[in-house]
file data.txt (compact mmCIF, C-alpha atoms and all ligand atoms)
# COMPACT_ATOMS: atom_id res chain seq x y z
CA MET A 215 7.11 -7.27 -11.68
CA ALA A 216 7.18 -10.78 -13.21
CA VAL A 217 10.86 -11.18 -12.33
CA LEU A 218 10.20 -10.03 -8.78
CA ARG A 219 7.22 -12.36 -8.46
CA ARG A 220 9.36 -15.31 -9.64
CA ALA A 221 12.09 -14.33 -7.19
CA LEU A 222 9.60 -14.01 -4.32
CA ARG A 223 8.05 -17.38 -5.21
CA SER A 224 11.51 -18.88 -4.75
CA LEU A 225 11.33 -17.70 -1.12
CA SER A 226 8.40 -19.97 -0.38
CA THR A 227 9.81 -22.90 -2.38
CA PHE A 228 13.02 -22.96 -0.35
CA ALA A 229 11.67 -21.62 2.94
CA THR A 230 11.86 -24.97 4.69
CA VAL A 231 15.46 -25.75 3.73
CA SER A 232 17.17 -22.37 3.95
CA ASN A 233 16.74 -18.68 4.51
CA ARG A 234 16.43 -16.59 1.44
CA CYS A 235 15.88 -12.94 0.71
CA ILE A 236 15.62 -10.72 -2.32
CA VAL A 237 18.45 -8.20 -2.31
CA TYR A 238 20.13 -5.54 -4.39
CA ALA A 239 23.40 -3.69 -3.90
CA GLN A 240 22.75 -0.71 -6.16
CA ASN A 241 19.73 0.98 -7.71
CA GLY A 242 18.68 0.21 -11.26
CA ASP A 243 16.37 -1.84 -13.43
CA PRO A 244 14.95 -4.47 -11.03
CA THR A 245 15.34 -7.19 -13.67
CA LYS A 246 19.10 -6.53 -13.63
CA VAL A 247 20.00 -5.57 -10.05
CA VAL A 248 17.84 -7.87 -7.93
CA LYS A 249 19.34 -11.15 -6.65
CA SER A 250 18.21 -13.95 -4.41
CA LEU A 251 20.53 -14.46 -1.44
CA THR A 252 20.66 -17.63 0.63
CA PHE A 253 21.81 -17.12 4.20
CA PRO A 254 22.32 -19.33 7.26
CA THR A 255 19.83 -20.01 10.03
CA LEU A 256 19.65 -16.97 12.26
CA PRO A 257 21.55 -17.19 15.55
CA PRO A 258 19.56 -16.55 18.74
CA PRO A 259 18.63 -12.86 18.87
CA SER A 260 20.94 -10.42 20.64
CA PRO A 261 19.46 -8.21 23.42
CA ASP A 262 16.63 -5.90 22.32
CA THR A 263 16.18 -7.74 19.02
CA VAL A 264 13.77 -10.36 17.76
CA ASN A 265 13.99 -13.05 15.08
CA LEU A 266 11.11 -12.99 12.62
CA ARG A 267 9.72 -15.41 10.07
CA PHE A 268 7.83 -13.70 7.26
CA LEU A 269 4.48 -15.30 6.41
CA LEU A 270 3.43 -13.03 3.51
CA SER A 271 5.47 -10.39 1.69
CA PRO A 272 3.65 -8.48 -1.07
CA ILE A 273 5.14 -6.40 -3.87
CA ASN A 274 3.98 -2.78 -3.82
CA PRO A 275 4.69 -0.48 -6.80
CA ALA A 276 6.66 1.72 -4.38
CA ASP A 277 9.05 -1.20 -3.80
CA VAL A 278 9.86 -1.28 -7.50
CA ASN A 279 10.39 2.50 -7.53
CA THR A 280 12.70 2.15 -4.52
CA ILE A 281 14.86 -0.41 -6.31
CA GLU A 282 14.96 1.91 -9.32
CA GLY A 283 16.12 4.69 -6.99
CA VAL A 284 13.27 7.05 -7.92
CA TYR A 285 11.24 6.81 -4.71
CA PRO A 286 11.81 9.46 -2.02
CA GLU A 287 12.09 6.85 0.75
CA LYS A 288 15.61 5.36 0.93
CA PRO A 289 16.24 1.99 2.62
CA SER A 290 19.19 1.23 4.91
CA LEU A 291 21.96 -1.21 4.03
CA ILE A 292 21.77 -4.54 5.88
CA SER A 293 24.91 -6.40 6.94
CA ASN A 294 23.73 -9.07 9.40
CA LEU A 295 22.56 -11.72 6.93
CA SER A 296 25.88 -13.50 6.42
CA LEU A 297 29.25 -13.68 8.15
CA ASN A 298 31.09 -12.89 4.94
CA GLY A 299 30.38 -12.04 1.32
CA LEU A 300 27.06 -10.65 0.12
CA GLY A 301 24.87 -9.60 3.03
CA SER A 302 27.80 -9.26 5.49
CA SER A 303 29.63 -6.11 6.58
CA GLU A 304 31.98 -6.76 3.63
CA GLU A 305 29.16 -6.42 1.11
CA PRO A 306 26.05 -4.94 2.72
CA VAL A 307 22.84 -5.13 0.70
CA TYR A 308 19.38 -3.64 0.55
CA VAL A 309 16.59 -6.16 1.18
CA GLY A 310 13.49 -5.33 -0.89
CA GLY A 311 9.99 -4.85 0.43
CA THR A 312 8.00 -2.56 2.70
CA GLU A 313 4.89 -4.52 3.56
CA GLY A 314 4.78 -7.98 5.07
CA LEU A 315 3.35 -9.99 7.89
CA ALA A 316 5.91 -11.66 10.13
CA GLN A 317 5.74 -13.96 13.11
CA VAL A 318 8.10 -13.61 16.06
CA THR A 319 10.16 -16.81 16.35
CA GLN A 320 12.64 -15.83 19.09
CA VAL A 321 12.87 -12.92 21.51
CA GLY A 322 16.16 -11.44 22.79
CA ASN A 323 16.87 -10.43 26.37
CA GLY A 324 15.30 -7.17 27.44
CA VAL A 325 12.55 -7.18 24.81
CA GLN A 326 9.26 -6.02 26.28
CA GLY A 327 5.78 -6.57 24.88
CA LEU A 328 6.62 -9.25 22.31
CA LYS A 329 6.57 -13.01 22.57
CA GLU A 330 7.12 -16.00 20.30
CA GLY A 331 4.17 -16.44 17.91
CA ASP A 332 3.10 -12.78 17.85
CA TRP A 333 2.21 -11.33 14.47
CA VAL A 334 4.06 -8.13 13.66
CA VAL A 335 4.59 -5.64 10.85
CA MET A 336 7.60 -3.41 10.30
CA ASP A 337 7.04 0.15 11.44
CA LYS A 338 9.21 1.86 8.79
CA PRO A 339 8.98 1.85 5.01
CA GLN A 340 11.49 -0.22 3.04
CA SER A 341 12.57 -2.27 6.05
CA GLY A 342 13.26 -5.35 3.93
CA THR A 343 10.30 -7.70 4.10
CA TRP A 344 11.18 -9.87 1.09
CA SER A 345 12.92 -12.40 3.26
CA THR A 346 12.05 -15.71 4.85
CA SER A 347 13.45 -14.46 8.15
CA ARG A 348 15.13 -11.43 9.68
CA ASN A 349 16.69 -10.33 12.93
CA VAL A 350 15.52 -6.79 13.75
CA LEU A 351 15.38 -4.39 16.67
CA SER A 352 12.20 -4.97 18.65
CA LYS A 353 11.44 -1.24 18.51
CA ASP A 354 11.20 -1.49 14.72
CA VAL A 355 8.14 -3.77 14.74
CA LEU A 356 4.50 -3.22 15.63
CA ARG A 357 2.57 -6.06 17.24
CA LEU A 358 -0.82 -6.80 15.66
CA PRO A 359 -3.94 -7.80 17.61
CA ALA A 360 -4.13 -11.54 18.25
CA SER A 361 -7.49 -11.94 16.51
CA GLY A 362 -9.72 -10.39 13.88
CA LEU A 363 -7.13 -10.09 11.12
CA THR A 364 -6.28 -12.42 8.26
CA GLU A 365 -2.71 -12.91 7.06
CA ALA A 366 -3.58 -10.84 3.97
CA HIS A 367 -4.89 -7.98 6.16
CA GLY A 368 -1.69 -7.99 8.17
CA ALA A 369 0.52 -8.11 5.10
CA THR A 370 -1.17 -5.17 3.35
CA MET A 371 -1.93 -2.76 6.14
CA THR A 372 1.03 -0.41 6.18
CA ILE A 373 0.71 1.39 2.83
CA ASN A 374 -2.80 1.71 1.41
CA PRO A 375 -4.91 1.95 4.60
CA PRO A 376 -2.83 4.80 6.10
CA THR A 377 -2.82 6.55 2.72
CA ALA A 378 -6.62 6.54 2.62
CA TYR A 379 -6.87 7.50 6.29
CA ASN A 380 -4.43 10.39 5.99
CA MET A 381 -6.06 11.77 2.85
CA LEU A 382 -9.36 11.94 4.70
CA ASN A 383 -7.79 13.58 7.75
CA ASP A 384 -4.83 15.71 6.75
CA PHE A 385 -6.18 18.17 4.17
CA VAL A 386 -9.71 19.18 5.06
CA ASP A 387 -11.69 19.04 8.28
CA LEU A 388 -14.41 16.76 6.91
CA LYS A 389 -17.72 16.44 8.70
CA ALA A 390 -20.66 14.05 8.40
CA GLY A 391 -22.78 15.08 5.42
CA ASP A 392 -19.82 16.52 3.46
CA TRP A 393 -19.13 15.34 -0.10
CA ILE A 394 -15.84 14.16 -1.55
CA ILE A 395 -15.01 12.91 -5.02
CA GLN A 396 -12.38 10.45 -6.25
CA ASN A 397 -11.26 8.71 -9.41
CA GLY A 398 -9.78 5.19 -9.52
CA ALA A 399 -12.45 4.43 -6.93
CA ASN A 400 -12.08 0.68 -7.37
CA SER A 401 -8.35 0.81 -6.56
CA ALA A 402 -7.31 -0.61 -3.20
CA VAL A 403 -6.87 2.92 -1.83
CA GLY A 404 -10.18 4.04 -3.37
CA GLN A 405 -12.09 1.21 -1.73
CA LEU A 406 -10.53 2.08 1.63
CA VAL A 407 -11.49 5.74 1.15
CA ILE A 408 -15.10 4.66 0.52
CA GLN A 409 -15.21 2.53 3.68
CA LEU A 410 -13.53 5.09 5.96
CA ALA A 411 -15.73 7.89 4.59
CA LYS A 412 -18.87 5.79 5.09
CA GLU A 413 -17.90 5.21 8.74
CA ARG A 414 -17.84 8.99 9.24
CA GLY A 415 -21.03 9.73 7.30
CA ILE A 416 -19.09 11.41 4.48
CA ASN A 417 -20.61 11.06 1.00
CA THR A 418 -18.44 9.84 -1.86
CA ILE A 419 -18.81 10.36 -5.61
CA ASN A 420 -16.71 7.64 -7.18
CA PHE A 421 -15.37 7.44 -10.73
CA VAL A 422 -14.26 4.19 -12.35
CA ARG A 423 -13.36 3.09 -15.86
CA SER A 424 -16.28 1.58 -17.72
CA ARG A 425 -16.34 -2.16 -18.46
CA ASP A 426 -18.68 -4.54 -20.28
CA ASP A 427 -20.73 -5.33 -17.20
CA MET A 428 -20.71 -2.46 -14.74
CA THR A 429 -23.27 -3.99 -12.38
CA PRO A 430 -20.99 -6.17 -10.21
CA LEU A 431 -18.48 -3.35 -9.72
CA VAL A 432 -21.14 -0.76 -8.91
CA LYS A 433 -22.81 -3.17 -6.49
CA HIS A 434 -19.49 -3.99 -4.84
CA LEU A 435 -18.59 -0.33 -4.30
CA GLU A 436 -22.09 0.50 -3.09
CA ASN A 437 -21.91 -2.39 -0.63
CA LEU A 438 -18.68 -0.90 0.70
CA GLY A 439 -20.54 2.39 1.23
CA ALA A 440 -20.12 4.38 -2.00
CA THR A 441 -22.78 7.07 -2.29
CA LYS A 442 -22.57 7.39 -6.09
CA VAL A 443 -20.58 5.44 -8.67
CA LEU A 444 -20.04 6.92 -12.14
CA THR A 445 -17.90 6.21 -15.17
CA TYR A 446 -15.61 8.78 -16.75
CA GLU A 447 -17.84 8.79 -19.84
CA GLU A 448 -20.59 10.32 -17.72
CA LEU A 449 -18.48 13.46 -17.35
CA SER A 450 -19.48 14.35 -20.91
CA ASP A 451 -23.16 14.26 -19.98
CA LYS A 452 -24.30 17.85 -19.53
CA SER A 453 -27.09 16.75 -17.18
CA LEU A 454 -24.56 15.55 -14.63
CA ARG A 455 -24.05 19.05 -13.23
CA GLY A 456 -27.74 19.24 -12.27
CA ARG A 457 -27.72 15.75 -10.77
CA VAL A 458 -24.66 16.54 -8.67
CA LYS A 459 -26.31 19.74 -7.39
CA GLU A 460 -29.37 17.73 -6.47
CA TRP A 461 -27.32 15.09 -4.61
CA THR A 462 -25.22 17.61 -2.67
CA GLY A 463 -28.01 20.13 -2.11
CA GLY A 464 -25.78 22.67 -3.87
CA LYS A 465 -22.88 22.23 -1.41
CA ASP A 466 -19.31 22.35 -2.72
CA ILE A 467 -17.31 19.15 -2.93
CA CYS A 468 -14.83 19.40 -0.03
CA LEU A 469 -12.07 17.15 -1.27
CA ALA A 470 -11.05 15.61 -4.60
CA LEU A 471 -8.68 12.61 -4.62
CA ASN A 472 -6.77 11.88 -7.80
CA CYS A 473 -5.51 8.30 -8.03
CA THR A 474 -4.56 8.06 -11.68
CA HIS A 475 -2.83 11.32 -12.54
CA THR A 476 -4.48 11.26 -15.96
CA TRP A 477 -7.38 13.68 -15.61
CA PHE A 478 -9.02 15.85 -13.06
CA LEU A 479 -12.10 17.40 -11.91
CA THR A 480 -11.98 21.11 -12.40
CA ALA A 481 -10.31 22.84 -15.33
CA GLN A 482 -9.71 19.66 -17.35
CA CYS A 483 -13.06 18.17 -16.57
CA PRO A 484 -15.57 18.33 -19.43
CA ASN A 485 -18.43 20.62 -18.42
CA ASN A 486 -16.70 21.39 -15.10
CA HIS A 487 -19.35 19.68 -13.01
CA PHE A 488 -17.43 19.80 -9.79
CA HIS A 489 -15.93 22.57 -7.80
CA SER A 490 -13.73 21.09 -5.10
CA GLN A 491 -12.25 23.07 -2.21
CA HIS A 492 -9.17 20.85 -2.04
CA HIS A 493 -7.53 18.58 -4.57
CA SER A 494 -4.99 15.89 -3.68
CA THR A 495 -3.05 13.79 -6.19
CA TYR A 496 -1.59 10.69 -4.58
CA SER A 497 -0.67 8.68 -7.67
CA LYS A 498 3.06 8.19 -8.14
CA THR A 499 2.93 7.67 -11.88
N1 LIG B 501 1.37 8.62 -2.31
C1 LIG B 501 1.30 7.51 -1.56
O1 LIG B 501 1.77 7.46 -0.43
C2 LIG B 501 0.59 6.31 -2.11
C3 LIG B 501 0.28 5.22 -1.28
C4 LIG B 501 -0.43 4.14 -1.83
C5 LIG B 501 -0.77 4.16 -3.18
N2 LIG B 501 -0.39 5.21 -3.95
C6 LIG B 501 -0.72 5.27 -5.38
O2 LIG B 501 -2.12 5.21 -5.46
C7 LIG B 501 -2.49 4.62 -6.67
C8 LIG B 501 -3.48 3.48 -6.37
O3 LIG B 501 -2.80 2.45 -5.67
P1 LIG B 501 -3.55 1.07 -5.40
O4 LIG B 501 -2.59 0.12 -4.79
O5 LIG B 501 -4.80 1.40 -4.68
O6 LIG B 501 -3.86 0.65 -6.92
P2 LIG B 501 -4.64 -0.60 -7.51
O7 LIG B 501 -5.46 -1.27 -6.47
O8 LIG B 501 -3.67 -1.38 -8.30
O9 LIG B 501 -5.67 0.12 -8.53
C9 LIG B 501 -5.22 0.81 -9.66
C10 LIG B 501 -6.36 1.71 -10.13
O10 LIG B 501 -5.90 2.53 -11.19
C11 LIG B 501 -6.86 2.43 -12.27
N3 LIG B 501 -6.15 2.66 -13.51
C12 LIG B 501 -5.06 2.00 -13.96
N4 LIG B 501 -4.68 2.51 -15.14
C13 LIG B 501 -5.55 3.51 -15.43
C14 LIG B 501 -5.68 4.40 -16.52
N5 LIG B 501 -4.83 4.38 -17.54
N6 LIG B 501 -6.69 5.30 -16.50
C15 LIG B 501 -7.56 5.34 -15.46
N7 LIG B 501 -7.49 4.51 -14.39
C16 LIG B 501 -6.48 3.60 -14.39
C17 LIG B 501 -7.44 1.03 -12.14
O11 LIG B 501 -8.67 1.00 -12.81
P3 LIG B 501 -9.19 -0.34 -13.58
O12 LIG B 501 -9.69 -1.28 -12.50
O13 LIG B 501 -10.26 0.16 -14.45
O14 LIG B 501 -8.00 -0.90 -14.31
C18 LIG B 501 -7.58 0.96 -10.61
O15 LIG B 501 -8.73 1.66 -10.19
C19 LIG B 501 -1.20 4.14 -7.35
O16 LIG B 501 -0.80 5.13 -8.28
C20 LIG B 501 -0.23 4.08 -6.19
O17 LIG B 501 1.10 4.25 -6.62
C21 LIG B 501 0.25 6.30 -3.44
call {"tool": "encode", "arguments": {"input": "data.txt", "output": "structure tokens"}}
result
Amino acid sequence: MAVLRRALRSLSTFATVSNRCIVYAQNGDPTKVVKSLTFPTLPPPSPDTVNLRFLLSPINPADVNTIEGVYPEKPSLISNLSLNGLGSSEEPVYVGGTEGLAQVTQVGNGVQGLKEGDWVVMDKPQSGTWSTSRNVLSKDVLRLPASGLTEAHGATMTINPPTAYNMLNDFVDLKAGDWIIQNGANSAVGQLVIQLAKERGINTINFVRSRDDMTPLVKHLENLGATKVLTYEELSDKSLRGRVKEWTGGKDICLALNCTHTWFLTAQCPNNHFHSQHHSTYSKT
């Protein structure tokens, strides 16, 4: 991660004097296979394509797994960065990165619904966002609303928010008043789950690791809409089963979301406080 962060920082340092992107030609240890590639100013876009300037390009753990070659999603080789050498059709490369907020700088003939200055995100995973600029097909970007979003919102909206949304929609037909449970509740995905559930009147029981001062974290999650916030240590408390029954009115937990892959809520759970109808592990590690 540190190597990638240093490489990505070099993008912003040199952004005004040249185009740069973070590339790799084969899978492997990111510290060994990743390179920074300088490429010329983009020519005007060909028909149906747009030129983009990336404003923010985060590193997601899935990006690292993709470089390592262990992630199911496979990127496409890119050959329009240079006329020859690395990044050309002679030596196509993968450009790292899935998430990123870009601004349209030029629009090719025939492009509908996009104009210079629009904020966009890529609509496919691993499209190569670790770049100062890119020329891409206009159909491969999604235009964002002109107001109401920060750059950070735009740059982080294509992985974690849909993950939280899909987990709440794809497994169980949840209704207002239902109860769900999750661990890693303070993770980015966990916080999104809390907010989306709250919007729908769904109750959440949220587990987090304990820390010296729990109050700020508990307050933060409650402010987002968490119904209950507990630490893993509380699983050993035999009285928890009774408290949970009281909270839920004896109803089953409808959905259990496992963020950390290290423990779970039925057989392995001390005292087996929770019986969940559906259990989803979304952690990759
Ligand atoms: N399947 C998918 O499509 C998909 C999509 C997005 C994310 N994910 C996965 O979802 C998980 C969360 O992603 P994120 O971006 O939301 O993560 P994040 O914001 O970085 O949060 C990581 C969470 O994991 C907890 N954690 C770390 N090590 C732990 C350990 N040893 N035991 C217990 N808890 C531990 C952290 O707790 P502390 O604050 O106490 O350290 C924190 O709550 C990751 O595994 C990610 O790969 C999967």
call {"tool": "atom_distance", "arguments": {"input": "data.txt", "atom1": "CA of Leu358 (chain A)", "atom2": "CA of Thr312 (chain A)"}}
result
16.2 Å
call {"tool": "residues_near_ligand", "arguments": {"input": "data.txt", "ligand": "ligand LIG 501 (chain B)", "cutoff": "10 Å", "atoms": "only C-alpha atoms and all ligand atoms", "output": "PyMOL selection string"}}
result
chain A and resi 274-276+279+370+372-378+380-381+397-407+421-425+431+445-446+471-477+494-499
call {"tool": "residues_around", "arguments": {"input": "data.txt", "residues": "region 298-311 of chain A", "least_positions_apart": "5", "cutoff": "6 Å", "atoms": "all atoms listed in the file", "output": "ChimeraX atom specification"}}
result
/A:236-239,277,291-293,340,342-344
call {"tool": "write_last_selection", "arguments": {"input": "data.txt", "atoms": "C-alpha atoms", "output": "compact mmCIF listing (two decimals), in the frame of the given file"}}
result
# COMPACT_ATOMS: atom_id res chain seq x y z
CA ILE A 236 15.62 -10.72 -2.32
CA VAL A 237 18.45 -8.20 -2.31
CA TYR A 238 20.13 -5.54 -4.39
CA ALA A 239 23.40 -3.69 -3.90
CA ASP A 277 9.05 -1.20 -3.80
CA LEU A 291 21.96 -1.21 4.03
CA ILE A 292 21.77 -4.54 5.88
CA SER A 293 24.91 -6.40 6.94
CA GLN A 340 11.49 -0.22 3.04
CA GLY A 342 13.26 -5.35 3.93
CA THR A 343 10.30 -7.70 4.10
CA TRP A 344 11.18 -9.87 1.09
call {"tool": "residues_around", "arguments": {"input": "data.txt", "residues": "Gly314 (chain A)", "least_positions_apart": "6", "cutoff": "7 Å", "atoms": "only C-alpha atoms", "output": "PyMOL selection string"}}
result
chain A and resi 268+270-272+335+343+369-370
call {"tool": "atom_distance", "arguments": {"input": "data.txt", "atom1": "CA of Leu388 (chain A)", "atom2": "CA of Leu469 (chain A)"}}
result
8.5 Å
call {"tool": "build_atoms", "arguments": {"input": "data.txt", "residues": "region 328-348 of chain A", "atoms": "N, CA and C atoms", "output": "CSV table (one decimal), in the coordinates of the input"}}
result
chain,number,residue,atom,x,y,z
A,328,LEU,N,6.7,-8.3,23.5
A,328,LEU,CA,6.6,-9.2,22.3
A,328,LEU,C,7.0,-10.7,22.8
A,329,LYS,N,6.3,-11.6,22.2
A,329,LYS,CA,6.6,-13.0,22.6
A,329,LYS,C,6.5,-13.9,21.3
A,330,GLU,N,7.1,-15.1,21.4
A,330,GLU,CA,7.1,-16.0,20.3
A,330,GLU,C,5.7,-16.2,19.8
A,331,GLY,N,5.5,-16.2,18.5
A,331,GLY,CA,4.2,-16.4,17.9
A,331,GLY,C,3.4,-15.2,17.6
A,332,ASP,N,3.8,-14.0,18.2
A,332,ASP,CA,3.1,-12.8,17.8
A,332,ASP,C,3.2,-12.4,16.4
A,333,TRP,N,2.2,-11.9,15.8
A,333,TRP,CA,2.2,-11.3,14.5
A,333,TRP,C,2.7,-9.9,14.6
A,334,VAL,N,3.6,-9.5,13.7
A,334,VAL,CA,4.1,-8.1,13.7
A,334,VAL,C,4.2,-7.6,12.2
A,335,VAL,N,4.2,-6.3,12.1
A,335,VAL,CA,4.6,-5.6,10.8
A,335,VAL,C,5.7,-4.7,11.1
A,336,MET,N,6.5,-4.4,10.1
A,336,MET,CA,7.6,-3.4,10.3
A,336,MET,C,7.0,-2.0,10.4
A,337,ASP,N,7.6,-1.2,11.2
A,337,ASP,CA,7.0,0.2,11.4
A,337,ASP,C,7.7,1.2,10.6
A,338,LYS,N,8.6,0.9,9.7
A,338,LYS,CA,9.2,1.9,8.8
A,338,LYS,C,9.1,1.4,7.4
A,339,PRO,N,9.0,2.3,6.4
A,339,PRO,CA,9.0,1.8,5.0
A,339,PRO,C,10.3,1.2,4.6
A,340,GLN,N,10.3,0.4,3.6
A,340,GLN,CA,11.5,-0.2,3.0
A,340,GLN,C,12.4,-0.9,4.1
A,341,SER,N,11.8,-1.6,5.0
A,341,SER,CA,12.6,-2.3,6.0
A,341,SER,C,13.1,-3.6,5.6
A,342,GLY,N,12.7,-4.1,4.4
A,342,GLY,CA,13.3,-5.4,3.9
A,342,GLY,C,12.4,-6.5,4.3
A,343,THR,N,11.2,-6.6,3.7
A,343,THR,CA,10.3,-7.7,4.1
A,343,THR,C,10.4,-8.9,3.1
A,344,TRP,N,11.1,-8.8,2.1
A,344,TRP,CA,11.2,-9.9,1.1
A,344,TRP,C,12.2,-10.9,1.6
A,345,SER,N,11.9,-11.5,2.6
A,345,SER,CA,12.9,-12.4,3.3
A,345,SER,C,12.2,-13.5,4.0
A,346,THR,N,12.7,-14.7,4.1
A,346,THR,CA,12.0,-15.7,4.8
A,346,THR,C,12.2,-15.4,6.3
A,347,SER,N,13.3,-14.8,6.7
A,347,SER,CA,13.4,-14.5,8.2
A,347,SER,C,14.4,-13.3,8.3
A,348,ARG,N,14.3,-12.6,9.4
A,348,ARG,CA,15.1,-11.4,9.7
A,348,ARG,C,15.3,-11.3,11.2
